[in-house]
Amino acid sequence: MAKDKKFIKKLMTKDTMLIAAVLIVSALLFFQMNPSSVPGQKTVAVRVIHIDDDSDMISGWLKVGGQEITARILSGPFRGREITVQNSLIGDMIFDRYVKVGKRAIFTLSLKDNEITDAKLVDYDRQIWHFSLFAVFAGFLIFFARYTGIKAVISFIFTTIVFVAVGIPSILAGNNPIAICMMLAALFGVTTLLLVGGFSLRTLAAIVGFFVSLLLSGVLAIIAGKGLRLGTAVSDIANTLFYSGHSQLDISGIFFGAVILGASGAMIDIAIGVATSVREVARANPALGAKRLIFSGFEVGRAALGTMTTTLLLAYVGCSLFLFLVFAAKTTHFARIINFNFVSAEILRTLIGSIGMVLIVPITAVVAGFLYRKFPIPASEGYPGTSDTVDNSYMAKDRKPLGKHTFRFLSPDGILVATVLIVSILIFFSFKEKKTGGSTPAFARVVQMEDHTKPIGTLRMGMQVVTARIVSGPYKGQQIKTVNQLLGREMTDRYVRPGDKALFMLDIRNGKILGAKIVDYDRQSWHLLLFIIFAGLLILFSGYIGIKAFVAFVFTVVILLRSLFTFILAGYDPLFVCFVVAIICGIITLLLIGGFTSRTLAAIIAFAVGIMFSAGLTIFAGYGMYLRGITYEAGVFLLQSGYPALDLTKILLGSIVLGASGAMVDISISVATSVKEVALANPMLRIRRLILAGFGEPNWAP
Amino acid sequence: MTTTLLLAYMSVNIFLIMFFTANKTPLTSVLNITIVSHEILRIIAGSIGMVIIAPITAIVAGLLYHNRMGATRLRNPSQI
């Protein structure tokens, strides 16, 4: 009995209580999220047993006509019953579903008096695949990271459920979306940090750092967002949502909220990494001053930032690959692409997220430094062999701080940095813009405006006569006058006011401006400003590593911009192109950050193997689930605008591999570094111990 | 680290999730619709990639550094 009581007491720690609480909340929310759906309707899984095909193939694989599908119901009260539905194929690439015999599918049944009156095909049944993938993920995580892995899986589930079951409905209910997203980010941050870091000073430091940085990047996102004048046209689906009866939604607010929320995951990682290292240093030498502790925090933050900066970039480009391909396919002017709403929105997302990541390092380091100074670690928790009276004199001698690297041009490292930078610049400028007719883009500042518009909702309709002075390009200084028609459409209207800088398309013949048209606002100046803030903070906080991280970022942007899209559109296998681009960007980033060392070699080998594994898995699951890339409007547009042979499914799968590659680079270098540290600290260790030391690397599990 | 990709991808798709929630589409349907399925694959396959790379790196780095430390071990055979 006594033993049992002891066991129960052991179980009742704050840690396990927290896990239990998080699990219970997740479960409650999950069951509340899945109500008995719409009355008179039921969604069931079926297996297709027979098909009468009455469809004709038009253009490649697109079919028109109908299918009569007979299927056996596999779930719910009508289990075992066979039903027949008509599935009409209207030649719409997005909404048509062509099913095959023997496959599982999802039907919506219409019910009346407990009898099926009608049924409709929704899509293939992919639940088993989702479930197995999740099981593989959770299994690997728990197998390799044990207890930390369990906590990581719990925080993954909690985040998903709270986002879908609480966040989305409260935004739809009309609450302030930025406030909601901030609260969600704070909640996820606190839960994840508490789960991973326990109830400790380092968690407190990480939470404070996270909150301050969240607030700062939130304010920055809102200011920049207002300047960018994105309106409701931030993405395809946002526009659809707005015009399908949800015009009361604050679309741009939701977008800014999502930008902050999207960056919060990466911020949490860095915060806990920095706070943990400050604690370790304080434990190793409790006599150290706050300044020295803060410095150690910076040190670790720097290393983390080095590879983290391309994580968000690659993740977001992976998500919007179709969008970017459409713009690359249209071969319009670079200035037009970069100032367009959708593209501008993605740039804002990436830069704000990256700035948030950079900001969190100094804030967390300072908070953790002062906290551990204020509440010194008791000697019992210090490393063995340390006491309060550690000889601190070495600090005075060792003025040159750890890892403060001096930049030398003629080291292999310096040569690499310079080469990558030069190659990036060369690739960027080697690209020649195609001339479209006689029109050329130019920025002009509006000096005078006659307004003949009337407000309609948030928009204006009518026309305005605009006089503007050109401020860029060969026609600089000239005045232009144009009529700007506003049709009351968010996507195309650009209402300008005197003093605004806007992008004009000039109609040029024989060196003379015949006419001009306003095509967009000047968003590029805002992008540049954000980019300078990002690069400035990065280099300010991280010094030489910051410069290397910056070069890696620039290189990745240039490769994506000039190689990825070009090669895919040129007809090379998209999956292969994405794979190669991911490998090249990964290797260059690893070499830049890790230098020419064994740990870089280990990270590169592991990265190559890991990305092959993950590409294989993605292909296997993607084809198993009958995923087709054609589901996106942008995909249809690509096929219709002169690229009918593009394999959209492969583009989709490639974009998934590319999006994950940034995160994989991070983890590989941090694990390799920790193995190196252990091997150097004790060269006698057996190989098994060394490998286990890498498994124990705490950074990747949270 | 596992919530990094999750939060990044979910916030990219916030309008998509809102679209289905606003239209009261049943959860079973939503989860199987191709466009949603894409995003689920993106999140989970990406996360699996992140999880699998840690042990691979640990093994490769362990082998590499064990080799490099070989000379040191030979000089101090008594400590093994």
# chains A, B, ... in the order shown; residues from 1 in each chain; ligands from 1
>>> select_by_dssp(residues="stretch 296-534 of chain A", states="helix (DSSP H, G or I)", output="mmCIF file with C-alpha atoms, in the first residue's frame")
data_model
loop_
_atom_site.group_PDB
_atom_site.id
_atom_site.type_symbol
_atom_site.label_atom_id
_atom_site.label_comp_id
_atom_site.auth_asym_id
_atom_site.auth_seq_id
_atom_site.Cartn_x
_atom_site.Cartn_y
_atom_site.Cartn_z
ATOM 1 C CA SER A 296 26.026 33.142 -23.446
ATOM 2 C CA GLY A 297 22.381 33.436 -24.366
ATOM 3 C CA PHE A 298 23.323 35.533 -27.374
ATOM 4 C CA GLU A 299 25.904 32.943 -28.336
ATOM 5 C CA VAL A 300 23.383 30.117 -28.615
ATOM 6 C CA GLY A 301 20.752 32.365 -30.171
ATOM 7 C CA ARG A 302 23.208 33.287 -32.878
ATOM 8 C CA ALA A 303 23.869 29.704 -33.825
ATOM 9 C CA ALA A 304 20.146 28.936 -33.898
ATOM 10 C CA LEU A 305 19.359 32.006 -36.000
ATOM 11 C CA GLY A 306 22.006 31.087 -38.525
ATOM 12 C CA THR A 307 19.949 28.268 -39.984
ATOM 13 C CA MET A 308 16.477 29.235 -38.772
ATOM 14 C CA THR A 309 16.224 32.243 -41.058
ATOM 15 C CA THR A 310 15.619 30.153 -44.159
ATOM 16 C CA THR A 311 13.115 27.866 -42.384
ATOM 17 C CA LEU A 312 10.164 30.199 -42.671
ATOM 18 C CA LEU A 313 11.247 31.370 -46.123
ATOM 19 C CA LEU A 314 11.227 27.833 -47.506
ATOM 20 C CA ALA A 315 8.050 26.838 -45.663
ATOM 21 C CA TYR A 316 6.110 29.789 -47.058
ATOM 22 C CA VAL A 317 7.480 29.487 -50.599
ATOM 23 C CA GLY A 318 6.559 25.797 -50.495
ATOM 24 C CA CYS A 319 2.980 26.758 -49.641
ATOM 25 C CA LEU A 321 4.627 27.532 -55.120
ATOM 26 C CA PHE A 322 1.644 27.480 -57.502
ATOM 27 C CA LEU A 323 1.059 31.174 -57.023
ATOM 28 C CA PHE A 324 4.659 32.053 -57.750
ATOM 29 C CA LEU A 325 4.696 29.777 -60.801
ATOM 30 C CA VAL A 326 1.683 31.608 -62.220
ATOM 31 C CA PHE A 327 3.497 34.902 -61.925
ATOM 32 C CA ALA A 328 6.663 33.458 -63.394
ATOM 33 C CA ALA A 329 4.592 32.024 -66.266
ATOM 34 C CA LYS A 330 2.966 35.340 -67.031
ATOM 35 C CA PHE A 334 9.506 42.001 -62.051
ATOM 36 C CA ALA A 335 8.257 45.276 -60.554
ATOM 37 C CA ARG A 336 4.664 44.272 -61.273
ATOM 38 C CA ILE A 337 5.052 40.830 -59.717
ATOM 39 C CA ILE A 338 6.702 42.029 -56.542
ATOM 40 C CA ASN A 339 4.130 44.779 -55.944
ATOM 41 C CA ASN A 341 -1.180 41.913 -53.532
ATOM 42 C CA PHE A 342 -0.750 38.146 -53.216
ATOM 43 C CA VAL A 343 3.014 38.245 -53.652
ATOM 44 C CA SER A 344 3.371 41.220 -51.346
ATOM 45 C CA ALA A 345 1.347 39.381 -48.710
ATOM 46 C CA GLU A 346 3.746 36.426 -48.835
ATOM 47 C CA ILE A 347 6.774 38.717 -48.613
ATOM 48 C CA LEU A 348 5.278 40.426 -45.549
ATOM 49 C CA ARG A 349 4.613 37.033 -43.965
ATOM 50 C CA THR A 350 8.187 35.836 -44.424
ATOM 51 C CA LEU A 351 9.918 39.040 -43.360
ATOM 52 C CA ILE A 352 7.779 39.717 -40.280
ATOM 53 C CA GLY A 353 8.252 36.119 -39.163
ATOM 54 C CA SER A 354 12.004 36.340 -39.636
ATOM 55 C CA ILE A 355 12.202 39.658 -37.776
ATOM 56 C CA GLY A 356 10.255 38.115 -34.888
ATOM 57 C CA MET A 357 12.775 35.276 -34.729
ATOM 58 C CA VAL A 358 15.715 37.662 -34.667
ATOM 59 C CA LEU A 359 14.108 39.867 -31.996
ATOM 60 C CA ILE A 360 13.459 37.029 -29.597
ATOM 61 C CA VAL A 361 17.163 36.205 -29.132
ATOM 62 C CA PRO A 362 18.318 39.396 -27.369
ATOM 63 C CA ILE A 363 15.086 39.787 -25.409
ATOM 64 C CA THR A 364 15.139 36.247 -24.037
ATOM 65 C CA ALA A 365 18.876 36.416 -23.360
ATOM 66 C CA VAL A 366 18.543 39.633 -21.349
ATOM 67 C CA VAL A 367 15.509 38.424 -19.385
ATOM 68 C CA ALA A 368 17.127 35.041 -18.641
ATOM 69 C CA GLY A 369 20.411 36.682 -17.660
ATOM 70 C CA PHE A 370 18.782 38.967 -15.129
ATOM 71 C CA LEU A 371 16.457 36.258 -13.792
ATOM 72 C CA TYR A 372 19.320 33.855 -13.093
ATOM 73 C CA ARG A 373 21.297 36.673 -11.495
ATOM 74 C CA LYS A 374 18.368 37.707 -9.316
ATOM 75 C CA ALA A 379 24.820 25.060 -5.204
ATOM 76 C CA SER A 380 23.011 21.726 -5.034
ATOM 77 C CA GLU A 381 21.748 22.206 -8.602
ATOM 78 C CA SER A 393 39.628 35.793 -12.826
ATOM 79 C CA TYR A 394 39.853 33.929 -16.115
ATOM 80 C CA MET A 395 36.967 36.055 -17.344
ATOM 81 C CA ALA A 396 39.087 39.175 -17.144
ATOM 82 C CA LYS A 397 41.907 37.586 -19.098
ATOM 83 C CA PRO A 412 38.074 29.009 -46.683
ATOM 84 C CA ASP A 413 35.141 30.413 -44.778
ATOM 85 C CA GLY A 414 35.603 33.967 -46.013
ATOM 86 C CA ILE A 415 36.079 32.766 -49.581
ATOM 87 C CA LEU A 416 32.861 30.761 -49.369
ATOM 88 C CA VAL A 417 30.876 33.723 -48.053
ATOM 89 C CA ALA A 418 32.213 36.006 -50.761
ATOM 90 C CA THR A 419 31.659 33.408 -53.511
ATOM 91 C CA VAL A 420 28.082 32.679 -52.517
ATOM 92 C CA LEU A 421 27.298 36.366 -52.366
ATOM 93 C CA ILE A 422 28.840 37.046 -55.788
ATOM 94 C CA VAL A 423 27.112 34.034 -57.351
ATOM 95 C CA SER A 424 23.770 35.201 -55.930
ATOM 96 C CA ILE A 425 24.223 38.670 -57.371
ATOM 97 C CA LEU A 426 25.299 37.277 -60.753
ATOM 98 C CA ILE A 427 22.338 34.888 -60.965
ATOM 99 C CA PHE A 428 19.968 37.644 -59.946
ATOM 100 C CA PHE A 429 21.078 40.071 -62.618
ATOM 101 C CA SER A 430 21.647 37.508 -65.377
ATOM 102 C CA GLN A 524 8.377 47.518 -52.893
ATOM 103 C CA SER A 525 9.637 50.357 -50.658
ATOM 104 C CA TRP A 526 7.923 48.695 -47.702
ATOM 105 C CA HIS A 527 9.456 45.344 -48.590
ATOM 106 C CA LEU A 528 12.851 46.965 -48.770
ATOM 107 C CA LEU A 529 12.342 48.681 -45.411
ATOM 108 C CA LEU A 530 11.339 45.406 -43.744
ATOM 109 C CA PHE A 531 14.242 43.620 -45.385
ATOM 110 C CA ILE A 532 16.679 46.248 -44.085
ATOM 111 C CA ILE A 533 15.209 45.946 -40.567
ATOM 112 C CA PHE A 534 15.593 42.163 -40.766
#
>>> closest_atom_pairs(of="chain A", to="chain B", cutoff="6 Å", atoms="only C-alpha atoms", output="Markdown table")
| residue | atom | partner | partner_atom | distance |
| --- | --- | --- | --- | --- |
| A:Ser37 | CA | B:Pro26 | CA | 5.7 |
| A:Asp123 | CA | B:Ile33 | CA | 5.8 |
| A:Asp125 | CA | B:Asn32 | CA | 5.8 |
| A:Arg126 | CA | B:Asn32 | CA | 5.4 |
| A:Phe137 | CA | B:Ile48 | CA | 5.1 |
| A:Phe156 | CA | B:Thr3 | CA | 6.0 |
| A:Ala238 | CA | B:Phe15 | CA | 5.4 |
| A:Leu241 | CA | B:Phe19 | CA | 5.9 |
| A:Ala258 | CA | B:Ser11 | CA | 4.9 |
| A:Gly262 | CA | B:Ala8 | CA | 4.0 |
| A:Gly265 | CA | B:Thr4 | CA | 4.0 |
| A:Ala266 | CA | B:Thr4 | CA | 5.0 |
| A:Asp269 | CA | B:Met1 | CA | 5.8 |
| A:Ala602 | CA | B:Ala61 | CA | 4.9 |
| A:Ala603 | CA | B:Thr57 | CA | 6.0 |
| A:Ala606 | CA | B:Thr57 | CA | 4.9 |
| A:Gly610 | CA | B:Ile53 | CA | 5.2 |
| A:Ser614 | CA | B:Gly49 | CA | 5.1 |
| A:Ile656 | CA | B:Arg42 | CA | 5.3 |
| A:Ala660 | CA | B:Gly46 | CA | 4.7 |
| A:Met664 | CA | B:Met50 | CA | 5.1 |
| A:Ser668 | CA | B:Thr57 | CA | 5.7 |
| A:Ala672 | CA | B:Ala61 | CA | 5.6 |
| A:Pro683 | CA | B:Met69 | CA | 5.5 |
| A:Met684 | CA | B:Arg73 | CA | 5.9 |
| A:Ile687 | CA | B:His66 | CA | 5.9 |
| A:Leu690 | CA | B:Gly62 | CA | 5.2 |
| A:Ile691 | CA | B:Gly62 | CA | 4.9 |
| A:Gly694 | CA | B:Ala58 | CA | 4.5 |
| A:Phe695 | CA | B:Pro55 | CA | 5.9 |
| A:Trp700 | CA | B:Met1 | CA | 5.2 |
| A:Ala701 | CA | B:Met1 | CA | 5.9 |
| A:Pro702 | CA | B:Met1 | CA | 4.8 |
>>> write_last_selection(atoms="C-alpha atoms", output="PDB file, in the first residue's frame")
ATOM      1  CA  SER A  37     -23.562  17.929 -38.229  1.00  0.00           C
ATOM      2  CA  ASP A 123     -14.233  12.802 -52.294  1.00  0.00           C
ATOM      3  CA  ASP A 125     -11.647   8.594 -48.309  1.00  0.00           C
ATOM      4  CA  ARG A 126      -8.222   9.664 -47.141  1.00  0.00           C
ATOM      5  CA  PHE A 137       5.042  10.807 -36.991  1.00  0.00           C
ATOM      6  CA  PHE A 156       1.039  19.195 -31.449  1.00  0.00           C
ATOM      7  CA  ALA A 238      -9.566  35.023 -48.650  1.00  0.00           C
ATOM      8  CA  LEU A 241     -14.527  33.891 -48.358  1.00  0.00           C
ATOM      9  CA  ALA A 258      -2.093  34.800 -39.086  1.00  0.00           C
ATOM     10  CA  GLY A 262       2.680  31.616 -38.147  1.00  0.00           C
ATOM     11  CA  GLY A 265       6.264  28.394 -33.590  1.00  0.00           C
ATOM     12  CA  ALA A 266       9.766  29.322 -34.701  1.00  0.00           C
ATOM     13  CA  ASP A 269      11.963  27.189 -30.409  1.00  0.00           C
ATOM     14  CA  ALA A 602      27.660  14.934 -40.798  1.00  0.00           C
ATOM     15  CA  ALA A 603      24.803  17.408 -41.127  1.00  0.00           C
ATOM     16  CA  ALA A 606      22.126  13.331 -42.768  1.00  0.00           C
ATOM     17  CA  GLY A 610      16.643  12.618 -44.535  1.00  0.00           C
ATOM     18  CA  SER A 614      10.908  12.416 -46.666  1.00  0.00           C
ATOM     19  CA  ILE A 656       5.952  19.816 -49.736  1.00  0.00           C
ATOM     20  CA  ALA A 660      10.135  21.039 -44.990  1.00  0.00           C
ATOM     21  CA  MET A 664      15.456  19.826 -41.557  1.00  0.00           C
ATOM     22  CA  SER A 668      20.675  18.462 -38.592  1.00  0.00           C
ATOM     23  CA  ALA A 672      25.628  17.413 -35.240  1.00  0.00           C
ATOM     24  CA  PRO A 683      37.101  11.433 -26.605  1.00  0.00           C
ATOM     25  CA  MET A 684      36.894   8.108 -24.758  1.00  0.00           C
ATOM     26  CA  ILE A 687      30.105   5.124 -30.371  1.00  0.00           C
ATOM     27  CA  LEU A 690      27.935   9.421 -28.851  1.00  0.00           C
ATOM     28  CA  ILE A 691      24.875   8.549 -30.903  1.00  0.00           C
ATOM     29  CA  GLY A 694      22.791  13.237 -30.339  1.00  0.00           C
ATOM     30  CA  PHE A 695      19.390  11.673 -29.633  1.00  0.00           C
ATOM     31  CA  TRP A 700      14.415  19.208 -31.848  1.00  0.00           C
ATOM     32  CA  ALA A 701      11.692  17.638 -29.768  1.00  0.00           C
ATOM     33  CA  PRO A 702       9.864  20.778 -28.596  1.00  0.00           C
TER      34      PRO A 702
END
>>> residues_around(residues="A:Gly642", least_positions_apart="4", cutoff="12 Å", atoms="only C-alpha atoms", output="JSON list (two decimals) with N, CA and C atoms, in the first residue's frame")
[["chain", "number", "residue", "atom", "x", "y", "z"],
["A", 326, "VAL", "N", 2.59, 30.86, -61.34],
["A", 326, "VAL", "CA", 1.68, 31.61, -62.22],
["A", 326, "VAL", "C", 2.31, 32.93, -62.61],
["A", 329, "ALA", "N", 5.08, 32.42, -64.95],
["A", 329, "ALA", "CA", 4.59, 32.02, -66.27],
["A", 329, "ALA", "C", 4.08, 33.22, -67.05],
["A", 330, "LYS", "N", 3.53, 34.18, -66.33],
["A", 330, "LYS", "CA", 2.97, 35.34, -67.03],
["A", 330, "LYS", "C", 4.06, 36.25, -67.59],
["A", 331, "THR", "N", 5.30, 36.01, -67.16],
["A", 331, "THR", "CA", 6.45, 36.81, -67.59],
["A", 331, "THR", "C", 6.14, 38.30, -67.67],
["A", 569, "LEU", "N", 9.05, 25.57, -65.15],
["A", 569, "LEU", "CA", 8.29, 26.00, -66.32],
["A", 569, "LEU", "C", 8.94, 25.52, -67.60],
["A", 570, "ALA", "N", 10.26, 25.31, -67.57],
["A", 570, "ALA", "CA", 10.95, 24.85, -68.78],
["A", 570, "ALA", "C", 10.66, 23.38, -69.04],
["A", 571, "GLY", "N", 9.95, 22.72, -68.14],
["A", 571, "GLY", "CA", 9.51, 21.36, -68.42],
["A", 571, "GLY", "C", 10.32, 20.28, -67.72],
["A", 635, "GLY", "N", -3.31, 26.32, -60.45],
["A", 635, "GLY", "CA", -2.89, 25.19, -61.26],
["A", 635, "GLY", "C", -3.61, 25.17, -62.60],
["A", 636, "VAL", "N", -4.93, 25.38, -62.55],
["A", 636, "VAL", "CA", -5.72, 25.42, -63.78],
["A", 636, "VAL", "C", -5.21, 26.54, -64.68],
["A", 637, "PHE", "N", -4.96, 27.67, -64.05],
["A", 637, "PHE", "CA", -4.46, 28.81, -64.82],
["A", 637, "PHE", "C", -3.16, 28.47, -65.54],
["A", 638, "LEU", "N", -2.28, 27.76, -64.83],
["A", 638, "LEU", "CA", -0.99, 27.39, -65.43],
["A", 638, "LEU", "C", -1.18, 26.53, -66.67],
["A", 646, "LEU", "N", 2.54, 20.56, -67.83],
["A", 646, "LEU", "CA", 3.05, 20.57, -66.45],
["A", 646, "LEU", "C", 2.37, 19.49, -65.61]]
>>> atom_distance(atom1="atom CA of A:Ile51", atom2="atom CA of A:Ile73")
15.2 Å
>>> residues_around(residues="A:Arg628", least_positions_apart="2", cutoff="9 Å", atoms="only C-alpha atoms", output="list of chain:residue names")
A:Gly622, A:Tyr623, A:Met625, A:Tyr626, A:Ile630, A:Thr631, A:Leu648, A:Thr649, A:Lys650, A:Leu652, B:Thr34, B:Ile35, B:His38
>>> write_last_selection(atoms="N, CA and C atoms", output="CSV table (one decimal), in the first residue's frame")
chain,number,residue,atom,x,y,z
A,622,GLY,N,1.3,10.7,-51.2
A,622,GLY,CA,0.6,11.6,-52.1
A,622,GLY,C,-0.1,10.8,-53.2
A,623,TYR,N,0.6,9.8,-53.8
A,623,TYR,CA,-0.1,9.0,-54.8
A,623,TYR,C,-1.1,8.1,-54.2
A,625,MET,N,-3.0,8.7,-51.7
A,625,MET,CA,-4.2,9.4,-51.4
A,625,MET,C,-4.9,10.0,-52.6
A,626,TYR,N,-4.4,9.7,-53.8
A,626,TYR,CA,-5.0,10.2,-55.0
A,626,TYR,C,-5.0,11.8,-55.0
A,630,ILE,N,-4.2,19.6,-59.3
A,630,ILE,CA,-5.2,20.4,-60.1
A,630,ILE,C,-6.2,21.1,-59.2
A,631,THR,N,-6.2,20.9,-57.9
A,631,THR,CA,-7.2,21.5,-57.0
A,631,THR,C,-7.1,23.0,-56.9
A,648,LEU,N,1.1,18.8,-62.4
A,648,LEU,CA,0.7,19.6,-61.2
A,648,LEU,C,0.9,18.8,-59.9
A,649,THR,N,0.6,17.5,-60.0
A,649,THR,CA,0.8,16.7,-58.8
A,649,THR,C,2.2,16.7,-58.3
A,650,LYS,N,3.1,16.6,-59.3
A,650,LYS,CA,4.5,16.6,-58.9
A,650,LYS,C,5.0,17.9,-58.4
A,652,LEU,N,3.1,19.9,-56.6
A,652,LEU,CA,2.5,19.9,-55.3
A,652,LEU,C,3.4,19.1,-54.3
B,34,THR,N,-9.8,17.1,-51.3
B,34,THR,CA,-8.4,17.1,-51.8
B,34,THR,C,-7.6,18.3,-51.3
B,35,ILE,N,-8.1,19.5,-51.3
B,35,ILE,CA,-7.3,20.6,-51.0
B,35,ILE,C,-6.9,20.6,-49.5
B,38,HIS,N,-4.2,17.9,-49.0
B,38,HIS,CA,-2.9,18.4,-49.4
B,38,HIS,C,-2.2,19.0,-48.2
>>> atom_distance(atom1="atom CA of A:Ile180", atom2="atom CA of A:Gly662")
28.3 Å
>>> residues_around(residues="stretch 162-166 of chain A", least_positions_apart="4", cutoff="9 Å", atoms="only C-alpha atoms", output="ChimeraX atom specification")
/A:25-26,29-30,32-33,157-158,170-171,184,188 /B:10,17-18,21
>>> write_last_selection(atoms="C-alpha atoms", output="PDB file, in the first residue's frame")
ATOM      1  CA  VAL A  25      -8.917  20.268 -22.628  1.00  0.00           C
ATOM      2  CA  SER A  26      -7.958  18.893 -26.058  1.00  0.00           C
ATOM      3  CA  LEU A  29     -12.702  20.605 -27.432  1.00  0.00           C
ATOM      4  CA  PHE A  30     -12.412  17.788 -29.946  1.00  0.00           C
ATOM      5  CA  GLN A  32     -17.468  19.624 -28.958  1.00  0.00           C
ATOM      6  CA  MET A  33     -16.006  20.355 -32.412  1.00  0.00           C
ATOM      7  CA  ILE A 157      -2.476  17.816 -30.894  1.00  0.00           C
ATOM      8  CA  PHE A 158      -3.408  20.596 -28.476  1.00  0.00           C
ATOM      9  CA  SER A 170     -14.156  33.100 -32.481  1.00  0.00           C
ATOM     10  CA  ILE A 171     -12.724  34.959 -35.465  1.00  0.00           C
ATOM     11  CA  LEU A 184      -3.727  31.947 -29.397  1.00  0.00           C
ATOM     12  CA  PHE A 188       0.439  27.924 -27.543  1.00  0.00           C
TER      13      PHE A 188
ATOM     14  CA  MET B  10      -1.960  26.346 -40.370  1.00  0.00           C
ATOM     15  CA  ILE B  17     -10.122  26.535 -42.600  1.00  0.00           C
ATOM     16  CA  MET B  18     -12.421  29.521 -42.044  1.00  0.00           C
ATOM     17  CA  THR B  21     -16.004  26.266 -40.836  1.00  0.00           C
TER      18      THR B  21
END
>>> atom_distance(atom1="atom CA of A:Lys100", atom2="atom CA of A:Val48")
7.2 Å
>>> residues_around(residues="A:Ala468", least_positions_apart="6", cutoff="6 Å", atoms="only C-alpha atoms", output="count of residues only")
6
